[in-house]
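A quick write-up on the structure given underneath.
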Amino acid sequence: MNRAGLPVLMCVSLGCAGPTVHRGPAPSSDLVTPLVGGWRIEGPTRSDCPAGVDRSLPRGETTWTDRAGRLHIASKTQTTPAVSLVPASDRHFTSQTEVAFPGCSGREVLTLEVAQLDRSWARGRYVAIFEHDGGPGCDRLLHEAHMTDRCETHMEWQARRL
Amino acid sequence: MNAGRRSALLSATLAFGGCDSWEEDSRYSYPVFSDDGAGIAAVYMTFEAQDTTTHTRTRNHETQVLMKEDTSSTVPTAITSLMLGQVRDLFFMRDEEYIILGRHNDEVERSDGSSERTIWYDRVDLDGTVTNIAGGSTYLSMLSCDGGSSSSSTAGPLKVIPSPDGTVLALFESTSSCSERSMQVTFLDAADLSVLDGPHTVPDVEPTWSGGTPWWATVDLAWTAENGFAAGFWGASAPVDHLSATTIEVGGTVTEAVIIAMDCFYPATTSSSTNADGDGVEINERTGTLNTSATSYVGAYGCSE
């Protein structure tokens, strides 16, 4: 399995031409506060993404912090890259990153649903979607990362407050 | 593009850090108070990092143990050389004059869709002498029973946790497959690593099933205030904010279905990032300087009720 990520593959195919990156939406509320703290996250994960594109929620002991209105979830052991999300509603947090090159554009959408939040326990669903438009500049992605035009990672997460 | 989104044009250099390259990097991490709150241990890790624009991936970690016998802000001193893997556990038992370091290397996907990694647990004397307790071999870290479409973490599968007074080490080992899971706890003398008691089998709870796939219950491990060791199972019909647990006394009995409050399971023993007063410790990942404060994201060792 090729573990290189989409932007890197695009970079290689285009001789390191600079991508245009759009991130959004902007932080807009303090709905992060009730979730701030230490949480142990576990749960079954389903994914059809190549490893280089897979954006799983950090597992194990994690720290959830408020970074200027963004919910930042980081592994205590830093085994998995952190995710940073902004409130979309009182139960949903999201992150969208769009990367555009000549001949190819890609998009990563992360969504965290908090279905239950008690004093010591929380659970919900996490979805990471990665997709590209299949343009000619995406050839390296298709052929070397063994990725179709879209892949998804789903996690039914549970968390115990540390 | 959504006009409402914050956008930024990143140069190739900023976004890709050298275009498909892995760059050498390092950081300080994982500070913990000693069991008596008078010292601090932490780690310094080197690794390779790759910026993929959406996130940064890392690989090929090496870890060095740092220690100081006070709680000032100055950078703790390295007492070991760099060792393979990244930190997964760190306990500083100052009264008994040792540190427990757990490490693991990068996860590798197997042909059946599960993942594995090498895990090590060492006792580090305060003069830097490293003695292996367990590990050094490959353990299943993620179990997949459908060819890799889905997976979940395995319990443990290897963990060493010192008792609150530091005299005993609980060695937890588990093996998981799609048809069965076994768990056992062995108590070791922390001074010479000889077996004091065990191994004791930890009875499991029934897995839940989804689409023909078993999901083994997540297991929390901790020393109890009564100097016993507890394995608590998530989702095992315990009251709100509690876990159903099996408790094991050193040289004593194994008791199933003990209801224990969740907050008793973290921290797992007296050394953690929170001291007995509830103060937390943080480390600047670039400079190694320490910051202790009265606010901590997690509670102190013990149970609140």
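By convention here, the chains of the structure tokens are called A, B, ... in the order presented, each chain's residues are numbered starting at 1, and ligands are numbered starting at 1 in the order presented.
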_Spatial neighbours of region 79-93 of chain A, 7 Å, only C-alpha atoms, chain gap at least 3 places, as a count of residues only_ = 21
If you count only C-alpha atoms, which residues fall within 9 Å of region 91-104 of chain B, apart from same-chain ones fewer than 5 positions away, as a short mmCIF file (atom, residue, chain, number, x, y, z; two decimals) with all heavy atoms, in the first residue's frame?
data_model
loop_
_atom_site.label_atom_id
_atom_site.label_comp_id
_atom_site.auth_asym_id
_atom_site.auth_seq_id
_atom_site.Cartn_x
_atom_site.Cartn_y
_atom_site.Cartn_z
N VAL B 32 5.47 13.68 33.62
CA VAL B 32 4.70 13.12 34.74
C VAL B 32 5.38 13.50 36.05
O VAL B 32 6.60 13.61 36.13
CB VAL B 32 4.59 11.58 34.66
CG1 VAL B 32 3.79 11.16 33.44
CG2 VAL B 32 5.95 10.90 34.68
N PHE B 33 4.56 13.71 37.07
CA PHE B 33 5.08 13.87 38.42
C PHE B 33 5.54 12.51 38.95
O PHE B 33 4.97 11.47 38.59
CB PHE B 33 4.00 14.40 39.36
CG PHE B 33 3.67 15.85 39.18
CD1 PHE B 33 2.49 16.24 38.56
CD2 PHE B 33 4.52 16.83 39.67
CE1 PHE B 33 2.17 17.58 38.41
CE2 PHE B 33 4.21 18.18 39.53
CZ PHE B 33 3.03 18.56 38.89
N SER B 34 6.53 12.54 39.83
CA SER B 34 6.87 11.31 40.54
C SER B 34 5.75 10.97 41.52
O SER B 34 4.88 11.80 41.80
CB SER B 34 8.20 11.50 41.28
OG SER B 34 8.10 12.57 42.21
N ASP B 35 5.80 9.76 42.04
CA ASP B 35 4.73 9.30 42.94
C ASP B 35 4.59 10.19 44.17
O ASP B 35 3.49 10.38 44.68
CB ASP B 35 4.98 7.84 43.36
CG ASP B 35 6.37 7.61 43.94
OD1 ASP B 35 7.26 8.47 43.76
OD2 ASP B 35 6.58 6.55 44.56
N ASP B 36 5.69 10.79 44.63
CA ASP B 36 5.61 11.67 45.80
C ASP B 36 5.44 13.14 45.42
O ASP B 36 5.42 14.01 46.29
CB ASP B 36 6.87 11.50 46.66
CG ASP B 36 8.15 11.85 45.90
OD1 ASP B 36 8.05 12.22 44.70
OD2 ASP B 36 9.23 11.77 46.49
N GLY B 37 5.34 13.41 44.15
CA GLY B 37 5.11 14.77 43.68
C GLY B 37 6.34 15.66 43.70
O GLY B 37 6.27 16.84 43.35
N ALA B 38 7.49 15.11 44.10
CA ALA B 38 8.69 15.94 44.29
C ALA B 38 9.59 16.00 43.06
O ALA B 38 10.53 16.79 43.03
CB ALA B 38 9.48 15.43 45.49
N GLY B 39 9.35 15.16 42.08
CA GLY B 39 10.18 15.13 40.88
C GLY B 39 9.32 15.03 39.63
O GLY B 39 8.10 14.88 39.70
N ILE B 40 9.97 15.12 38.50
CA ILE B 40 9.27 15.05 37.21
C ILE B 40 10.11 14.22 36.25
O ILE B 40 11.34 14.38 36.18
CB ILE B 40 9.04 16.46 36.62
CG1 ILE B 40 8.05 17.25 37.50
CG2 ILE B 40 8.50 16.37 35.19
CD1 ILE B 40 7.90 18.72 37.08
N ALA B 41 9.45 13.36 35.51
CA ALA B 41 10.09 12.64 34.41
C ALA B 41 9.36 13.03 33.12
O ALA B 41 8.21 13.45 33.13
CB ALA B 41 10.01 11.13 34.61
N HIS B 61 10.29 6.71 15.33
CA HIS B 61 10.56 7.43 16.57
C HIS B 61 11.67 6.76 17.37
O HIS B 61 11.83 5.53 17.35
CB HIS B 61 9.31 7.48 17.45
CG HIS B 61 8.16 8.21 16.85
ND1 HIS B 61 7.40 7.70 15.83
CD2 HIS B 61 7.64 9.42 17.13
CE1 HIS B 61 6.45 8.56 15.51
NE2 HIS B 61 6.58 9.61 16.28
N THR B 63 13.18 7.33 21.58
CA THR B 63 12.78 7.97 22.83
C THR B 63 13.90 7.92 23.86
O THR B 63 14.57 6.90 24.01
CB THR B 63 11.53 7.25 23.41
OG1 THR B 63 10.45 7.37 22.47
CG2 THR B 63 11.11 7.85 24.73
N VAL B 65 14.73 9.01 28.00
CA VAL B 65 14.09 9.34 29.28
C VAL B 65 14.81 10.51 29.93
O VAL B 65 16.05 10.55 29.99
CB VAL B 65 14.11 8.13 30.23
CG1 VAL B 65 13.53 8.50 31.59
CG2 VAL B 65 13.34 6.97 29.63
N MET B 67 14.74 13.20 33.49
CA MET B 67 14.30 13.15 34.88
C MET B 67 14.91 14.31 35.65
O MET B 67 16.00 14.79 35.33
CB MET B 67 14.76 11.81 35.48
CG MET B 67 14.33 11.55 36.90
SD MET B 67 15.49 12.21 38.12
CE MET B 67 16.91 11.15 37.89
N GLU B 69 14.80 15.83 39.99
CA GLU B 69 14.28 15.56 41.33
C GLU B 69 13.78 16.83 42.00
O GLU B 69 13.93 17.02 43.20
CB GLU B 69 15.34 14.85 42.18
CG GLU B 69 15.72 13.51 41.54
CD GLU B 69 16.19 12.49 42.55
OE1 GLU B 69 15.44 12.17 43.49
OE2 GLU B 69 17.33 12.00 42.40
N MET B 83 16.23 5.35 22.51
CA MET B 83 15.85 3.95 22.31
C MET B 83 14.73 3.87 21.29
O MET B 83 13.90 4.79 21.18
CB MET B 83 15.38 3.35 23.64
CG MET B 83 16.48 3.29 24.69
SD MET B 83 15.91 2.64 26.27
CE MET B 83 15.14 4.10 26.97
N LEU B 84 14.66 2.77 20.56
CA LEU B 84 13.66 2.62 19.51
C LEU B 84 12.25 2.81 20.05
O LEU B 84 11.93 2.38 21.16
CB LEU B 84 13.76 1.24 18.88
CG LEU B 84 14.92 0.98 17.92
CD1 LEU B 84 14.90 -0.48 17.47
CD2 LEU B 84 14.84 1.91 16.72
N GLY B 85 11.38 3.41 19.24
CA GLY B 85 9.97 3.51 19.57
C GLY B 85 9.59 4.83 20.21
O GLY B 85 10.44 5.64 20.56
N GLN B 86 8.29 5.03 20.34
CA GLN B 86 7.78 6.22 20.99
C GLN B 86 7.09 5.84 22.29
O GLN B 86 6.64 4.71 22.49
CB GLN B 86 6.82 6.97 20.07
CG GLN B 86 5.54 6.24 19.74
CD GLN B 86 4.72 7.00 18.72
OE1 GLN B 86 4.48 6.53 17.61
NE2 GLN B 86 4.28 8.19 19.08
N ARG B 117 2.42 -4.15 16.19
CA ARG B 117 3.57 -3.31 16.49
C ARG B 117 4.40 -3.98 17.58
O ARG B 117 3.91 -4.81 18.33
CB ARG B 117 3.14 -1.91 16.92
CG ARG B 117 2.35 -1.89 18.20
CD ARG B 117 1.93 -0.49 18.68
NE ARG B 117 2.13 0.58 17.79
CZ ARG B 117 1.28 1.59 17.62
NH1 ARG B 117 0.13 1.60 18.30
NH2 ARG B 117 1.55 2.59 16.81
N THR B 118 5.66 -3.57 17.66
CA THR B 118 6.53 -4.05 18.74
C THR B 118 6.34 -3.15 19.96
O THR B 118 6.23 -1.93 19.83
CB THR B 118 8.00 -4.02 18.30
OG1 THR B 118 8.14 -4.81 17.11
CG2 THR B 118 8.90 -4.59 19.37
N ILE B 119 6.27 -3.77 21.12
CA ILE B 119 6.10 -3.04 22.38
C ILE B 119 7.21 -3.45 23.34
O ILE B 119 7.60 -4.61 23.38
CB ILE B 119 4.71 -3.35 23.01
CG1 ILE B 119 3.58 -2.99 22.03
CG2 ILE B 119 4.54 -2.60 24.33
CD1 ILE B 119 2.20 -3.40 22.51
N TRP B 120 7.69 -2.47 24.07
CA TRP B 120 8.70 -2.72 25.09
C TRP B 120 8.26 -2.06 26.40
O TRP B 120 7.72 -0.96 26.38
CB TRP B 120 10.04 -2.09 24.74
CG TRP B 120 10.70 -2.48 23.46
CD1 TRP B 120 11.67 -3.44 23.31
CD2 TRP B 120 10.52 -1.91 22.16
NE1 TRP B 120 12.08 -3.49 22.00
CE2 TRP B 120 11.39 -2.57 21.27
CE3 TRP B 120 9.68 -0.92 21.66
CZ2 TRP B 120 11.47 -2.25 19.91
CZ3 TRP B 120 9.74 -0.60 20.30
CH2 TRP B 120 10.63 -1.26 19.45
N TYR B 121 8.55 -2.71 27.52
CA TYR B 121 8.45 -2.08 28.85
C TYR B 121 9.77 -2.30 29.58
O TYR B 121 10.25 -3.43 29.68
CB TYR B 121 7.28 -2.65 29.66
CG TYR B 121 5.98 -1.92 29.39
CD1 TYR B 121 5.17 -2.30 28.33
CD2 TYR B 121 5.61 -0.82 30.16
CE1 TYR B 121 3.99 -1.62 28.05
CE2 TYR B 121 4.45 -0.13 29.89
CZ TYR B 121 3.64 -0.53 28.84
OH TYR B 121 2.49 0.16 28.57
N ASP B 122 10.34 -1.20 30.06
CA ASP B 122 11.63 -1.25 30.74
C ASP B 122 11.55 -0.58 32.11
O ASP B 122 10.76 0.36 32.30
CB ASP B 122 12.70 -0.50 29.93
CG ASP B 122 12.90 -1.09 28.54
OD1 ASP B 122 13.03 -2.33 28.45
OD2 ASP B 122 12.91 -0.32 27.57
N ARG B 123 12.37 -1.08 33.03
CA ARG B 123 12.60 -0.33 34.27
C ARG B 123 13.89 0.46 34.07
O ARG B 123 14.91 -0.11 33.69
CB ARG B 123 12.74 -1.27 35.47
CG ARG B 123 12.77 -0.51 36.81
CD ARG B 123 13.18 -1.40 37.95
NE ARG B 123 14.58 -1.79 37.82
CZ ARG B 123 15.14 -2.78 38.50
NH1 ARG B 123 14.42 -3.50 39.33
NH2 ARG B 123 16.43 -3.06 38.33
N VAL B 124 13.83 1.74 34.33
CA VAL B 124 15.00 2.61 34.19
C VAL B 124 15.41 3.08 35.59
O VAL B 124 14.64 3.79 36.26
CB VAL B 124 14.69 3.82 33.29
CG1 VAL B 124 15.93 4.70 33.15
CG2 VAL B 124 14.18 3.37 31.94
N ASP B 125 16.56 2.64 36.04
CA ASP B 125 17.06 3.12 37.34
C ASP B 125 17.45 4.59 37.19
O ASP B 125 17.71 5.08 36.08
CB ASP B 125 18.26 2.29 37.79
CG ASP B 125 17.88 0.83 38.03
OD1 ASP B 125 16.68 0.57 38.24
OD2 ASP B 125 18.78 -0.03 37.97
N LEU B 126 17.52 5.29 38.29
CA LEU B 126 17.77 6.74 38.22
C LEU B 126 19.19 7.07 37.77
O LEU B 126 19.48 8.23 37.45
CB LEU B 126 17.43 7.41 39.56
CG LEU B 126 15.97 7.21 40.03
CD1 LEU B 126 15.67 8.12 41.21
CD2 LEU B 126 14.97 7.41 38.90
N ASP B 127 20.07 6.05 37.72
CA ASP B 127 21.40 6.28 37.15
C ASP B 127 21.41 5.98 35.64
O ASP B 127 22.47 6.04 35.00
CB ASP B 127 22.46 5.42 37.86
CG ASP B 127 22.24 3.92 37.63
OD1 ASP B 127 21.29 3.54 36.93
OD2 ASP B 127 23.04 3.13 38.18
N LYS B 159 1.11 -4.19 29.16
CA LYS B 159 1.16 -2.98 29.98
C LYS B 159 1.79 -3.32 31.32
O LYS B 159 1.53 -4.40 31.87
CB LYS B 159 -0.26 -2.44 30.18
CG LYS B 159 -0.36 -0.98 30.52
CD LYS B 159 -1.79 -0.50 30.39
CE LYS B 159 -1.93 0.98 30.70
NZ LYS B 159 -1.33 1.86 29.69
N VAL B 160 2.59 -2.41 31.82
CA VAL B 160 3.20 -2.57 33.15
C VAL B 160 2.87 -1.32 33.95
O VAL B 160 3.16 -0.20 33.51
CB VAL B 160 4.73 -2.74 33.06
CG1 VAL B 160 5.35 -2.78 34.45
CG2 VAL B 160 5.08 -4.01 32.29
N ILE B 161 2.25 -1.52 35.12
CA ILE B 161 1.85 -0.38 35.95
C ILE B 161 2.36 -0.62 37.38
O ILE B 161 2.04 -1.64 38.00
CB ILE B 161 0.32 -0.20 35.98
CG1 ILE B 161 -0.24 -0.09 34.56
CG2 ILE B 161 -0.06 1.03 36.80
CD1 ILE B 161 -1.76 -0.03 34.49
N PRO B 162 3.16 0.29 37.92
CA PRO B 162 3.65 0.13 39.29
C PRO B 162 2.54 0.37 40.31
O PRO B 162 1.63 1.19 40.09
CB PRO B 162 4.74 1.19 39.42
CG PRO B 162 4.73 2.00 38.18
CD PRO B 162 3.66 1.50 37.27
N PRO B 164 0.86 1.79 43.84
CA PRO B 164 0.96 3.16 44.36
C PRO B 164 2.22 3.42 45.19
O PRO B 164 2.77 4.52 45.13
CB PRO B 164 -0.31 3.28 45.22
CG PRO B 164 -1.28 2.37 44.56
CD PRO B 164 -0.47 1.20 44.06
N ASP B 165 2.71 2.42 45.90
CA ASP B 165 3.95 2.62 46.67
C ASP B 165 5.20 2.21 45.89
O ASP B 165 6.32 2.34 46.42
CB ASP B 165 3.89 1.86 48.01
CG ASP B 165 3.86 0.35 47.83
OD1 ASP B 165 3.93 -0.14 46.68
OD2 ASP B 165 3.77 -0.35 48.86
N GLY B 166 5.03 1.72 44.70
CA GLY B 166 6.16 1.42 43.83
C GLY B 166 6.84 0.09 44.07
O GLY B 166 7.78 -0.25 43.35
N THR B 167 6.39 -0.68 45.02
CA THR B 167 7.11 -1.91 45.35
C THR B 167 6.73 -3.08 44.45
O THR B 167 7.49 -4.06 44.37
CB THR B 167 6.84 -2.33 46.81
OG1 THR B 167 5.42 -2.53 46.98
CG2 THR B 167 7.32 -1.24 47.77
N ALA B 190 9.20 -5.12 42.13
CA ALA B 190 9.78 -4.03 41.34
C ALA B 190 11.29 -3.94 41.48
O ALA B 190 11.98 -3.44 40.59
CB ALA B 190 9.14 -2.70 41.75
N ALA B 191 11.82 -4.46 42.57
CA ALA B 191 13.26 -4.33 42.82
C ALA B 191 14.07 -5.28 41.95
O ALA B 191 15.09 -4.89 41.37
CB ALA B 191 13.55 -4.58 44.29
N THR B 269 -2.11 4.96 38.73
CA THR B 269 -1.29 4.83 39.93
C THR B 269 -0.84 6.23 40.36
O THR B 269 -1.32 7.24 39.81
CB THR B 269 -0.09 3.90 39.69
OG1 THR B 269 0.57 3.63 40.93
CG2 THR B 269 0.89 4.49 38.69
N THR B 270 0.06 6.31 41.32
CA THR B 270 0.38 7.60 41.94
C THR B 270 1.24 8.52 41.08
O THR B 270 1.32 9.72 41.37
CB THR B 270 1.11 7.35 43.28
OG1 THR B 270 2.10 6.34 43.08
CG2 THR B 270 0.13 6.91 44.35
N SER B 271 1.90 7.99 40.07
CA SER B 271 2.68 8.84 39.16
C SER B 271 1.90 9.09 37.89
O SER B 271 1.50 8.15 37.19
CB SER B 271 4.02 8.17 38.82
OG SER B 271 4.70 8.93 37.84
N SER B 272 1.66 10.37 37.60
CA SER B 272 0.92 10.74 36.38
C SER B 272 1.16 12.22 36.13
O SER B 272 1.94 12.87 36.85
CB SER B 272 -0.57 10.46 36.53
OG SER B 272 -1.19 11.44 37.33
#
*asked:* List the spatial neighbours of region 229-240 of chain B as a ChimeraX atom specification - criterion: any atom at most 7 Å away, only C-alpha atoms, same-chain residues fewer than 4 positions off excluded.
replied: /B:217-224,244-249,259
Let's have the selection written as a JSON list (two decimals), in the first residue's frame, with all heavy atoms.
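Dumped everything to result_12.json:
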[["chain", "number", "residue", "atom", "x", "y", "z"],
["B", 217, "ALA", "N", -14.83, -5.92, 24.66],
["B", 217, "ALA", "CA", -14.98, -4.73, 25.52],
["B", 217, "ALA", "C", -13.64, -4.06, 25.78],
["B", 217, "ALA", "O", -12.64, -4.74, 26.03],
["B", 217, "ALA", "CB", -15.63, -5.13, 26.84],
["B", 218, "THR", "N", -13.64, -2.74, 25.72],
["B", 218, "THR", "CA", -12.44, -1.98, 26.10],
["B", 218, "THR", "C", -12.16, -2.21, 27.58],
["B", 218, "THR", "O", -13.08, -2.27, 28.40],
["B", 218, "THR", "CB", -12.67, -0.49, 25.82],
["B", 218, "THR", "OG1", -12.86, -0.32, 24.42],
["B", 218, "THR", "CG2", -11.49, 0.35, 26.27],
["B", 219, "VAL", "N", -10.89, -2.33, 27.92],
["B", 219, "VAL", "CA", -10.49, -2.63, 29.29],
["B", 219, "VAL", "C", -9.69, -1.47, 29.87],
["B", 219, "VAL", "O", -8.73, -1.01, 29.25],
["B", 219, "VAL", "CB", -9.64, -3.92, 29.34],
["B", 219, "VAL", "CG1", -9.25, -4.25, 30.78],
["B", 219, "VAL", "CG2", -10.40, -5.09, 28.72],
["B", 220, "ASP", "N", -10.10, -0.99, 31.04],
["B", 220, "ASP", "CA", -9.32, -0.01, 31.80],
["B", 220, "ASP", "C", -8.57, -0.72, 32.91],
["B", 220, "ASP", "O", -9.11, -1.65, 33.54],
["B", 220, "ASP", "CB", -10.25, 1.04, 32.42],
["B", 220, "ASP", "CG", -10.52, 2.19, 31.47],
["B", 220, "ASP", "OD1", -9.64, 2.53, 30.67],
["B", 220, "ASP", "OD2", -11.62, 2.76, 31.55],
["B", 221, "LEU", "N", -7.35, -0.31, 33.16],
["B", 221, "LEU", "CA", -6.52, -0.94, 34.17],
["B", 221, "LEU", "C", -6.05, 0.08, 35.19],
["B", 221, "LEU", "O", -5.68, 1.21, 34.82],
["B", 221, "LEU", "CB", -5.28, -1.58, 33.51],
["B", 221, "LEU", "CG", -5.56, -2.62, 32.42],
["B", 221, "LEU", "CD1", -4.27, -2.97, 31.70],
["B", 221, "LEU", "CD2", -6.20, -3.87, 33.01],
["B", 222, "ALA", "N", -6.07, -0.28, 36.47],
["B", 222, "ALA", "CA", -5.59, 0.64, 37.51],
["B", 222, "ALA", "C", -5.36, -0.11, 38.80],
["B", 222, "ALA", "O", -5.93, -1.18, 39.04],
["B", 222, "ALA", "CB", -6.61, 1.75, 37.74],
["B", 223, "TRP", "N", -4.49, 0.46, 39.62],
["B", 223, "TRP", "CA", -4.33, -0.02, 40.99],
["B", 223, "TRP", "C", -5.42, 0.63, 41.85],
["B", 223, "TRP", "O", -5.70, 1.82, 41.71],
["B", 223, "TRP", "CB", -2.96, 0.34, 41.53],
["B", 223, "TRP", "CG", -1.87, -0.56, 41.02],
["B", 223, "TRP", "CD1", -1.15, -0.39, 39.88],
["B", 223, "TRP", "CD2", -1.40, -1.76, 41.62],
["B", 223, "TRP", "NE1", -0.25, -1.42, 39.72],
["B", 223, "TRP", "CE2", -0.38, -2.28, 40.79],
["B", 223, "TRP", "CE3", -1.74, -2.47, 42.78],
["B", 223, "TRP", "CZ2", 0.30, -3.46, 41.09],
["B", 223, "TRP", "CZ3", -1.05, -3.64, 43.08],
["B", 223, "TRP", "CH2", -0.05, -4.13, 42.23],
["B", 224, "THR", "N", -6.01, -0.16, 42.75],
["B", 224, "THR", "CA", -7.01, 0.39, 43.65],
["B", 224, "THR", "C", -6.32, 0.91, 44.90],
["B", 224, "THR", "O", -5.16, 0.59, 45.19],
["B", 224, "THR", "CB", -8.03, -0.69, 44.07],
["B", 224, "THR", "OG1", -7.36, -1.65, 44.89],
["B", 224, "THR", "CG2", -8.62, -1.38, 42.85],
["B", 244, "SER", "N", -17.93, -2.19, 35.49],
["B", 244, "SER", "CA", -17.90, -3.50, 36.11],
["B", 244, "SER", "C", -16.47, -4.03, 35.96],
["B", 244, "SER", "O", -15.94, -4.07, 34.85],
["B", 244, "SER", "CB", -18.89, -4.44, 35.43],
["B", 244, "SER", "OG", -18.81, -5.72, 36.03],
["B", 245, "ALA", "N", -15.86, -4.43, 37.06],
["B", 245, "ALA", "CA", -14.43, -4.75, 37.04],
["B", 245, "ALA", "C", -14.14, -6.09, 37.71],
["B", 245, "ALA", "O", -14.93, -6.59, 38.51],
["B", 245, "ALA", "CB", -13.64, -3.65, 37.74],
["B", 246, "THR", "N", -13.00, -6.63, 37.35],
["B", 246, "THR", "CA", -12.41, -7.75, 38.07],
["B", 246, "THR", "C", -11.26, -7.19, 38.89],
["B", 246, "THR", "O", -10.41, -6.47, 38.35],
["B", 246, "THR", "CB", -11.89, -8.81, 37.10],
["B", 246, "THR", "OG1", -13.00, -9.38, 36.40],
["B", 246, "THR", "CG2", -11.15, -9.92, 37.85],
["B", 247, "THR", "N", -11.24, -7.49, 40.19],
["B", 247, "THR", "CA", -10.15, -7.03, 41.03],
["B", 247, "THR", "C", -9.28, -8.22, 41.44],
["B", 247, "THR", "O", -9.78, -9.33, 41.65],
["B", 247, "THR", "CB", -10.66, -6.31, 42.29],
["B", 247, "THR", "OG1", -11.48, -7.20, 43.05],
["B", 247, "THR", "CG2", -11.46, -5.08, 41.91],
["B", 248, "ILE", "N", -7.99, -7.96, 41.53],
["B", 248, "ILE", "CA", -7.02, -9.00, 41.86],
["B", 248, "ILE", "C", -6.12, -8.47, 42.96],
["B", 248, "ILE", "O", -5.46, -7.44, 42.79],
["B", 248, "ILE", "CB", -6.18, -9.38, 40.63],
["B", 248, "ILE", "CG1", -7.10, -9.74, 39.46],
["B", 248, "ILE", "CG2", -5.24, -10.54, 40.96],
["B", 248, "ILE", "CD1", -6.39, -9.76, 38.13],
["B", 249, "GLU", "N", -6.10, -9.16, 44.08],
["B", 249, "GLU", "CA", -5.21, -8.77, 45.17],
["B", 249, "GLU", "C", -3.87, -9.48, 45.01],
["B", 249, "GLU", "O", -3.82, -10.62, 44.58],
["B", 249, "GLU", "CB", -5.84, -9.13, 46.51],
["B", 249, "GLU", "CG", -7.14, -8.40, 46.81],
["B", 249, "GLU", "CD", -7.77, -8.89, 48.10],
["B", 249, "GLU", "OE1", -7.16, -9.73, 48.79],
["B", 249, "GLU", "OE2", -8.88, -8.41, 48.41],
["B", 259, "ILE", "N", -18.26, -3.27, 41.11],
["B", 259, "ILE", "CA", -18.65, -1.99, 40.50],
["B", 259, "ILE", "C", -17.74, -0.88, 41.05],
["B", 259, "ILE", "O", -17.69, -0.65, 42.26],
["B", 259, "ILE", "CB", -20.13, -1.66, 40.80],
["B", 259, "ILE", "CG1", -21.02, -2.78, 40.26],
["B", 259, "ILE", "CG2", -20.50, -0.32, 40.19],
["B", 259, "ILE", "CD1", -20.89, -3.03, 38.76]]
*asked:* Please report the interatomic distance between CA of Val87 (chain B) and CA of Val43 (chain B) in Å with one decimal.
replied: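 So the answer is 7.5 Å.
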_Residue neighbourhood region 149-156 of chain A, 8 Å, only C-alpha atoms, exclusion window fewer than 3 positions, as a PyMOL selection string_ = chain A and resi 43-49+54-57+123-134+142
*Atomic separation - CA of Thr63 (chain A) relative to CA of Val36 (chain A), Å*: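 These atoms are spaced 7.6 Å apart.
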_I need the residues of region 3-180 of chain B that end up classed as helix (DSSP H, G or I) by DSSP on the backbone, written out as a list in words._
Ala12, Thr13, Leu14, Ala15 and Phe16 of chain B
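Among A:Ala68, A:Leu162, A:Ala100, A:Cys138, the residue with the shortest atom-to-atom distance to Ser120 (chain A), counting only C-alpha atoms, is A:Leu162.
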_Using only C-alpha atoms, which protein or nucleic acid residues come within 12 Å of Met45 (chain B)? Drop anything in the same chain fewer than 6 positions from it, and give the result as an MDAnalysis selection string._
(chainID A and resid 77:78) or (chainID B and resid 24:30 58:66 78 80:88 103 285:286 288)
*Among region 22-112 of chain A, which residues carry a DSSP assignment of strand (DSSP E), reported as a ChimeraX atom specification?*
/A:22-24,37-42,45-47,60-67,70-75,83-87,92-101,104-112
*Just the residues within 6 Å of Gly103 (chain A), please, counting only C-alpha atoms, with nothing from its chain fewer than 3 positions along; format it as number ranges by chain.*
A: 135-137
